[in-house]
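K.L.:
Below is the file model.tsv, with TSV, C-alpha atoms.
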chain	number	residue	atom	x	y	z
N	1	MET	CA	96.07	119.45	111.47
N	2	SER	CA	95.56	120.02	107.73
N	3	GLY	CA	95.91	117.58	104.84
N	4	ALA	CA	99.02	117.09	102.76
N	5	TYR	CA	100.72	119.72	100.61
N	6	GLY	CA	98.85	122.83	101.67
N	7	ALA	CA	101.04	124.70	104.15
N	8	LEU	CA	104.05	122.78	102.84
N	9	ALA	CA	103.67	123.87	99.22
N	10	PRO	CA	105.55	127.23	99.38
N	11	TRP	CA	108.48	125.53	101.10
N	12	TYR	CA	108.54	122.20	99.28
N	13	ASP	CA	111.36	123.08	96.87
N	14	SER	CA	113.62	124.50	99.57
N	15	LEU	CA	113.12	121.32	101.63
N	16	THR	CA	113.87	118.95	98.74
N	17	VAL	CA	117.06	120.39	97.27
N	18	ASP	CA	118.68	116.96	97.61
N	19	ILE	CA	116.34	115.28	95.11
N	20	PRO	CA	118.26	114.47	91.88
N	21	TYR	CA	115.57	115.54	89.42
N	22	GLU	CA	117.97	115.50	86.48
N	23	GLN	CA	118.79	111.87	87.28
N	24	PHE	CA	115.09	111.02	87.30
N	25	ALA	CA	114.71	112.68	83.89
N	26	ASP	CA	117.76	110.79	82.57
N	27	TYR	CA	116.34	107.53	83.88
N	28	TYR	CA	112.98	108.11	82.21
N	29	GLU	CA	114.59	109.06	78.91
N	30	GLU	CA	116.66	105.90	78.99
N	31	ARG	CA	113.49	103.85	79.50
N	32	PHE	CA	111.78	105.80	76.69
N	33	ARG	CA	114.63	104.95	74.32
N	34	ARG	CA	114.58	101.28	75.29
N	35	HIS	CA	110.85	101.21	74.71
N	36	GLY	CA	111.53	101.50	71.00
N	37	THR	CA	108.64	103.73	69.90
N	38	GLU	CA	108.69	107.51	69.82
N	39	ILE	CA	107.43	109.19	72.97
N	40	ARG	CA	106.37	112.80	72.64
N	41	THR	CA	103.45	113.35	75.03
N	42	VAL	CA	104.01	112.53	78.69
N	43	LEU	CA	101.67	112.69	81.67
N	44	ASP	CA	103.37	113.55	84.95
N	45	LEU	CA	100.97	112.14	87.54
N	46	CYS	CA	101.26	113.76	91.00
N	47	CYS	CA	103.54	116.39	89.47
N	48	GLY	CA	103.84	118.52	92.63
N	49	THR	CA	105.62	121.83	92.07
N	50	GLY	CA	106.68	120.71	88.62
N	51	THR	CA	110.47	120.64	88.79
N	52	LEU	CA	110.71	117.33	86.93
N	53	SER	CA	107.95	118.29	84.50
N	54	CYS	CA	109.82	121.47	83.56
N	55	ILE	CA	113.03	119.52	82.93
N	56	LEU	CA	111.20	117.13	80.62
N	57	ALA	CA	109.43	120.03	78.89
N	58	GLU	CA	112.79	121.70	78.23
N	59	ARG	CA	114.00	118.39	76.75
N	60	GLY	CA	111.24	118.60	74.16
N	61	TYR	CA	108.36	116.58	75.60
N	62	GLU	CA	104.78	117.82	75.56
N	63	MET	CA	103.80	117.62	79.21
N	64	ILE	CA	100.41	117.15	80.81
N	65	CYS	CA	100.73	117.52	84.57
N	66	THR	CA	98.15	116.56	87.19
N	67	ASP	CA	98.11	116.92	90.95
N	68	ALA	CA	95.40	116.91	93.62
N	69	SER	CA	96.92	119.90	95.45
N	70	PRO	CA	96.00	123.35	94.07
N	71	ASP	CA	98.70	124.86	96.29
N	72	MET	CA	101.44	122.75	94.70
N	73	LEU	CA	100.12	123.57	91.23
N	74	ALA	CA	100.18	127.28	92.08
N	75	MET	CA	103.92	126.97	92.76
N	76	PHE	CA	104.29	125.02	89.49
N	77	ARG	CA	102.55	127.78	87.53
N	78	GLU	CA	105.16	130.28	88.70
N	79	LYS	CA	107.91	128.05	87.26
N	80	CYS	CA	106.14	127.87	83.91
N	81	ALA	CA	106.74	131.57	83.42
N	82	GLU	CA	110.48	130.95	83.65
N	83	LEU	CA	110.63	128.30	80.91
N	84	PRO	CA	112.49	129.21	77.69
N	85	GLU	CA	110.25	130.81	75.08
N	86	GLU	CA	110.67	127.90	72.65
N	87	THR	CA	109.48	125.36	75.25
N	88	THR	CA	105.95	124.02	74.92
N	89	GLN	CA	104.13	125.11	78.07
N	90	PRO	CA	102.97	122.20	80.26
N	91	LEU	CA	99.23	121.75	80.67
N	92	LEU	CA	98.35	121.81	84.38
N	93	LEU	CA	95.25	120.01	85.69
N	94	CYS	CA	94.08	119.80	89.30
N	95	GLN	CA	92.84	116.22	89.51
N	96	ALA	CA	93.04	113.34	91.91
N	97	ALA	CA	94.56	110.25	90.28
N	98	GLU	CA	91.38	108.20	90.70
N	99	GLU	CA	89.48	110.98	88.87
N	100	LEU	CA	91.97	111.35	86.00
N	101	ASP	CA	90.22	112.70	82.91
N	102	LEU	CA	92.30	113.80	79.92
N	103	TYR	CA	91.33	115.17	76.51
N	104	GLY	CA	93.09	112.33	74.69
N	105	THR	CA	95.83	109.76	75.09
N	106	VAL	CA	99.50	110.16	75.97
N	107	ASP	CA	102.53	108.14	74.94
N	108	ALA	CA	103.82	107.65	78.48
N	109	VAL	CA	102.98	108.30	82.12
N	110	VAL	CA	105.49	108.92	84.89
N	111	CYS	CA	104.80	109.22	88.60
N	112	SER	CA	107.83	110.04	90.74
N	113	LEU	CA	108.97	110.17	94.33
N	114	ASP	CA	106.62	107.54	95.78
N	115	GLY	CA	103.48	109.30	94.58
N	116	PHE	CA	101.80	105.90	94.38
N	117	ASN	CA	102.34	105.36	98.10
N	118	TYR	CA	99.85	108.15	98.73
N	119	PHE	CA	97.07	106.14	97.05
N	120	PRO	CA	94.99	103.97	99.41
N	121	PRO	CA	94.93	100.34	98.24
N	122	GLU	CA	91.22	100.46	97.41
N	123	THR	CA	91.81	103.25	94.86
N	124	LEU	CA	94.49	101.41	92.86
N	125	PRO	CA	92.17	99.40	90.56
N	126	GLU	CA	90.41	102.58	89.42
N	127	ILE	CA	93.69	104.47	89.02
N	128	PHE	CA	95.16	101.72	86.84
N	129	ARG	CA	91.91	101.53	84.85
N	130	ARG	CA	92.03	105.23	84.10
N	131	LEU	CA	95.73	105.15	83.27
N	132	ARG	CA	95.14	102.38	80.76
N	133	LEU	CA	92.29	104.39	79.27
N	134	PHE	CA	94.50	107.44	78.68
N	135	ILE	CA	97.76	105.73	77.64
N	136	ALA	CA	97.93	104.98	73.92
N	137	PRO	CA	98.14	101.26	73.00
N	138	GLY	CA	101.73	100.17	73.42
N	139	GLY	CA	102.45	103.17	75.62
N	140	LEU	CA	104.57	103.17	78.76
N	141	LEU	CA	103.76	103.52	82.47
N	142	LEU	CA	106.66	104.29	84.83
N	143	PHE	CA	106.30	104.89	88.56
N	144	ASP	CA	108.14	104.24	91.79
N	145	VAL	CA	107.13	103.21	95.28
N	146	HIS	CA	108.83	102.95	98.63
N	147	SER	CA	109.17	99.30	99.51
N	148	PRO	CA	107.14	98.04	102.50
N	149	GLU	CA	110.43	97.45	104.30
N	150	ARG	CA	111.45	101.07	103.79
N	151	LEU	CA	108.19	102.42	105.19
N	152	ARG	CA	108.45	100.19	108.26
N	153	PHE	CA	112.07	101.30	108.73
N	154	LEU	CA	110.79	104.88	109.08
N	155	ASP	CA	108.61	103.95	112.05
N	156	LYS	CA	109.16	106.29	115.01
N	157	GLN	CA	111.68	108.40	113.10
N	158	CYS	CA	112.10	112.14	113.59
N	159	PHE	CA	113.76	114.57	111.17
N	160	VAL	CA	114.41	118.30	111.27
N	161	ASP	CA	114.96	120.66	108.35
N	162	GLU	CA	116.00	124.22	109.10
N	163	THR	CA	116.73	127.40	107.16
N	164	GLU	CA	116.80	131.05	108.24
N	165	GLU	CA	113.10	131.37	107.39
N	166	LEU	CA	111.79	127.91	108.19
N	167	LEU	CA	111.89	125.08	110.70
N	168	CYS	CA	110.20	121.81	109.71
N	169	LEU	CA	109.81	118.97	112.21
N	170	TRP	CA	108.86	115.56	110.75
N	171	ARG	CA	107.65	112.72	113.01
N	172	SER	CA	106.34	109.35	111.88
N	173	HIS	CA	104.87	106.05	112.97
N	174	PHE	CA	103.88	102.96	111.02
N	175	ASP	CA	100.30	101.82	111.58
N	176	GLU	CA	100.18	98.06	111.07
N	177	GLU	CA	96.38	98.00	111.14
N	178	ILE	CA	96.05	100.06	107.96
N	179	GLY	CA	99.49	99.21	106.57
N	180	ALA	CA	100.67	102.79	106.25
N	181	LEU	CA	103.31	105.22	107.44
N	182	ILE	CA	101.67	108.26	109.02
N	183	TYR	CA	103.78	111.33	109.51
N	184	GLY	CA	102.98	114.71	110.93
N	185	MET	CA	104.83	117.84	109.95
N	186	ASP	CA	105.13	120.95	112.10
N	187	ILE	CA	106.09	123.90	109.91
N	188	PHE	CA	107.35	127.05	111.64
N	189	THR	CA	107.88	130.13	109.44
N	190	ASP	CA	109.44	133.47	110.33
N	191	ILE	CA	106.80	136.22	110.03
N	192	GLY	CA	109.00	139.02	111.38
N	193	ASP	CA	109.30	140.92	114.67
N	194	GLU	CA	110.79	137.77	116.23
N	195	CYS	CA	107.51	135.94	115.66
N	196	TRP	CA	106.99	132.55	114.06
N	197	ALA	CA	103.81	131.05	112.62
N	198	ARG	CA	103.11	127.34	113.13
N	199	GLU	CA	101.17	125.15	110.72
N	200	GLN	CA	100.69	121.39	110.74
N	201	GLU	CA	100.09	118.75	108.08
N	202	GLU	CA	99.49	115.02	108.13
N	203	HIS	CA	100.72	112.71	105.37
N	204	ILE	CA	99.87	109.03	104.88
N	205	GLU	CA	101.93	106.71	102.69
N	206	TYR	CA	100.43	103.27	102.14
N	207	SER	CA	102.51	100.12	101.90
N	208	HIS	CA	102.01	98.34	98.55
N	209	GLU	CA	103.48	94.88	98.05
N	210	PRO	CA	105.20	94.61	94.63
N	211	GLU	CA	103.39	91.32	93.93
N	212	GLU	CA	100.02	92.99	94.48
N	213	LEU	CA	100.95	95.85	92.16
N	214	LEU	CA	101.91	93.30	89.52
N	215	ARG	CA	98.54	91.56	89.91
N	216	LEU	CA	96.59	94.82	89.69
N	217	LEU	CA	98.53	95.98	86.64
N	218	THR	CA	97.89	92.67	84.89
N	219	CYS	CA	94.18	92.80	85.73
N	220	ALA	CA	93.96	96.36	84.39
N	221	GLY	CA	95.42	95.41	81.01
N	222	PHE	CA	99.13	96.13	81.39
N	223	GLY	CA	101.88	93.68	80.49
N	224	GLU	CA	105.66	93.22	80.38
N	225	VAL	CA	105.91	94.49	83.94
N	226	ARG	CA	109.48	95.17	85.02
N	227	MET	CA	110.74	96.10	88.50
N	228	ASP	CA	114.04	97.88	89.08
N	229	LYS	CA	115.74	98.74	92.38
N	230	ASN	CA	118.68	100.51	90.72
N	231	GLY	CA	117.02	103.75	89.66
N	232	PRO	CA	117.56	107.19	91.23
N	233	HIS	CA	117.35	107.07	95.05
N	234	GLY	CA	117.47	103.28	94.80
N	235	THR	CA	119.47	103.14	98.02
N	236	GLU	CA	116.45	104.72	99.75
N	237	GLY	CA	114.40	101.55	99.21
N	238	ARG	CA	112.74	102.90	96.08
N	239	ILE	CA	111.37	100.41	93.53
N	240	PHE	CA	110.74	101.53	89.94
N	241	ILE	CA	107.96	99.74	88.11
N	242	GLU	CA	107.55	99.79	84.33
N	243	ALA	CA	104.61	98.39	82.39
N	244	ILE	CA	103.27	98.44	78.82
N	245	ARG	CA	99.69	99.34	78.03
N	246	LEU	CA	98.38	96.35	76.05
Represent the structure contained in this file as structure tokens.
P.N.:
Amino acid sequence: MSGAYGALAPWYDSLTVDIPYEQFADYYEERFRRHGTEIRTVLDLCCGTGTLSCILAERGYEMICTDASPDMLAMFREKCAELPEETTQPLLLCQAAEELDLYGTVDAVVCSLDGFNYFPPETLPEIFRRLRLFIAPGGLLLFDVHSPERLRFLDKQCFVDETEELLCLWRSHFDEEIGALIYGMDIFTDIGDECWAREQEEHIEYSHEPEELLRLLTCAGFGEVRMDKNGPHGTEGRIFIEAIRL
């Protein structure tokens, strides 16, 4: 079984058509406006195939986009070619969050769709340290996580996604010992002549208590931490966390 977002990458967009990316962009822009200072450069951490990054780029933001999966970034690069000519092309970097290394600072960082749940707890102090290093003083950090309750709710769940070219079987269990939801994905793709190819991936999403995230953010030099359960996909147990780089 392979790691996350390799075999899945070519099919990720077709399997996530229900994600309200425009609502995420609207939410971020509202938070940018409330922040009170102009935000022009934005880092999209764990950008995936770049749908949200492209929306923000078309809205006039200069985007820097990082992801640990070269396969997801390859799909993102194809989208870049479809952006309007007047749009500033996003800068794509293949980097793990704990190895983040930018050329300068950004005005804001966003990390969407429970990207932070993929970070093991022991990596969080270094991730927050690097984020503070590359966010300009007074800049904004916005990310969301699945609540611990939501991840435990998904224990022993099974989901199926199906199109004419693809069958994806998703099975999960919550491991209390490591505090994480582990889910395997079986991906069957039509390769013609009534034959299907099967690939497998394993994903791990770690449970992070909001109070611990608050403590780590404070220790890393962030302040004015705000938690919001009413953002996009809020009914899915998603918590949005906002912090200022002091």
K.L.:
First collect every listed atom of stretch 147-165 of chain N; then fit an axis-aligned box around them, widen it by 5 Å on each side, and give centre and edge lengths in Å to one decimal, as JSON.
P.N.:
{"center_x": 112.0, "center_y": 114.4, "center_z": 107.3, "size_x": 19.7, "size_y": 43.9, "size_z": 25.5}
K.L.:
With all atoms listed in the file as the counted atoms, please give the residues lying no more than 10 Å from N:Phe174, apart from itself and same-chain residues fewer than 3 positions off, as a count of residues only.
P.N.:
18
K.L.:
Within 10 Å of (96.5, 106.6, 85.0) in the file's own coordinates, which protein, DNA or RNA residues have an atom, counting all atoms listed in the file? List them as a list in words.
P.N.:
Leu43, Asp44, Leu45, Ala97, Glu98, Glu99, Leu100, Asp101, Leu102, Ala108, Val109, Val110, Cys111, Leu124, Glu126, Ile127, Phe128, Arg129, Arg130, Leu131, Arg132, Leu133, Phe134, Ile135 and Leu141 of chain N
K.L.:
So which one's closest to N:Leu91, N:Gln200, N:Thr105, N:Thr123, N:Ser53? Using only C-alpha atoms, please.
P.N.:
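The shortest atom-to-atom distance to N:Leu91 comes from N:Ser53.
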K.L.:
Between N:Tyr5, N:Glu78, N:Tyr118, N:Asp144, which one has atoms that come closest to N:Pro232, using only C-alpha atoms?
P.N.:
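When distances to N:Pro232 are compared using only C-alpha atoms, the smallest one comes from N:Asp144.
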